[in-house]
Amino acid sequence: MTTSASAPAARGFVLKGWHVLAMLLAFFATVIGVDVGFSIMAVRTFPGEDVKHSYVQGNHYNELLAERARQARLGWRATAAIETRAGAPAVVLTLRDKAGKPLEGLAVTGLLRRPATTRADRTLAFASAGDGVYAAPVTGLAPGAWDMEVTAARGSDTFDVRARLAAPDSAPETAP
């Protein structure tokens, strides 16, 4: 028999401690990177504060309740919708007094907001259309839900209206 000097066999890949350390570091770096990316995107799309100075607003809650009671005694009623007027979408607000008569001569101002973001907020410029109806044109209104916040005033009488409105799908969508 001949004995030959055996050459060392090819061992292939051997997992060593530094490989395991590198894999663990890469894994946690990926997880942390994704978490940071998601956090940045979340804060950019919704900063978490819908009302500025919410703590101060909470301190004045009793004043808000008193204002609502005063408005209830005033007895005004409102209905609101997004309608097409003169071929363009408009927020239409109808105001009536206690007896159901149209309220005329009011200064009506408002804001139209998306429920989940402040980037699409737009100011409403209402004009009287007669018979207690006030209309504010809105161009480029994306379809879906919108929150309307309106204040109608005449002299010392003020009336706040808040409503969730739905813009029709036929309205042209534009980026906010």
# chains A, B, ... in the order shown; residues from 1 in each chain; ligands from 1
call {"tool": "residues_around", "arguments": {"residues": "A:Ala129", "least_positions_apart": "2", "cutoff": "10 Å", "atoms": "only C-alpha atoms", "output": "list in words"}}
result
Val92, Leu93, Thr94, Glu104, Phe126, Ala127, Asp131, Gly132, Val133, Tyr134, Ala135 and Ala136 of chain A
call {"tool": "select_by_dssp", "arguments": {"residues": "chain A", "states": "helix (DSSP H, G or I)", "output": "number ranges by chain"}}
result
A: 17-45, 54-59, 61-74
call {"tool": "atom_distance", "arguments": {"atom1": "atom CA of A:Gly87", "atom2": "atom CA of A:Leu112"}}
result
19.7 Å
call {"tool": "residues_around", "arguments": {"residues": "A:Glu83", "least_positions_apart": "5", "cutoff": "9 Å", "atoms": "only C-alpha atoms", "output": "list in words"}}
result
Ala88, Pro89, Ala90, Val91, Val92, Ala167 and Pro168 of chain A
call {"tool": "write_last_selection", "arguments": {"atoms": "N, CA and C atoms", "output": "mmCIF file, in the first residue's frame"}}
result
data_model
loop_
_atom_site.group_PDB
_atom_site.id
_atom_site.type_symbol
_atom_site.label_atom_id
_atom_site.label_comp_id
_atom_site.auth_asym_id
_atom_site.auth_seq_id
_atom_site.Cartn_x
_atom_site.Cartn_y
_atom_site.Cartn_z
ATOM 1 N N ALA A 88 -69.594 74.720 -10.722
ATOM 2 C CA ALA A 88 -68.440 74.504 -9.847
ATOM 3 C C ALA A 88 -68.928 74.105 -8.456
ATOM 4 N N PRO A 89 -68.130 73.313 -7.729
ATOM 5 C CA PRO A 89 -68.548 72.940 -6.380
ATOM 6 C C PRO A 89 -68.521 74.140 -5.433
ATOM 7 N N ALA A 90 -69.457 74.137 -4.487
ATOM 8 C CA ALA A 90 -69.534 75.205 -3.487
ATOM 9 C C ALA A 90 -70.067 74.619 -2.190
ATOM 10 N N VAL A 91 -69.616 75.180 -1.081
ATOM 11 C CA VAL A 91 -70.186 74.839 0.219
ATOM 12 C C VAL A 91 -71.392 75.742 0.394
ATOM 13 N N VAL A 92 -72.554 75.130 0.603
ATOM 14 C CA VAL A 92 -73.806 75.869 0.710
ATOM 15 C C VAL A 92 -74.330 75.712 2.138
ATOM 16 N N ALA A 167 -67.577 65.511 -0.318
ATOM 17 C CA ALA A 167 -67.405 66.032 -1.676
ATOM 18 C C ALA A 167 -67.662 64.885 -2.651
ATOM 19 N N PRO A 168 -68.397 65.151 -3.711
ATOM 20 C CA PRO A 168 -68.694 64.076 -4.668
ATOM 21 C C PRO A 168 -67.450 63.612 -5.403
#
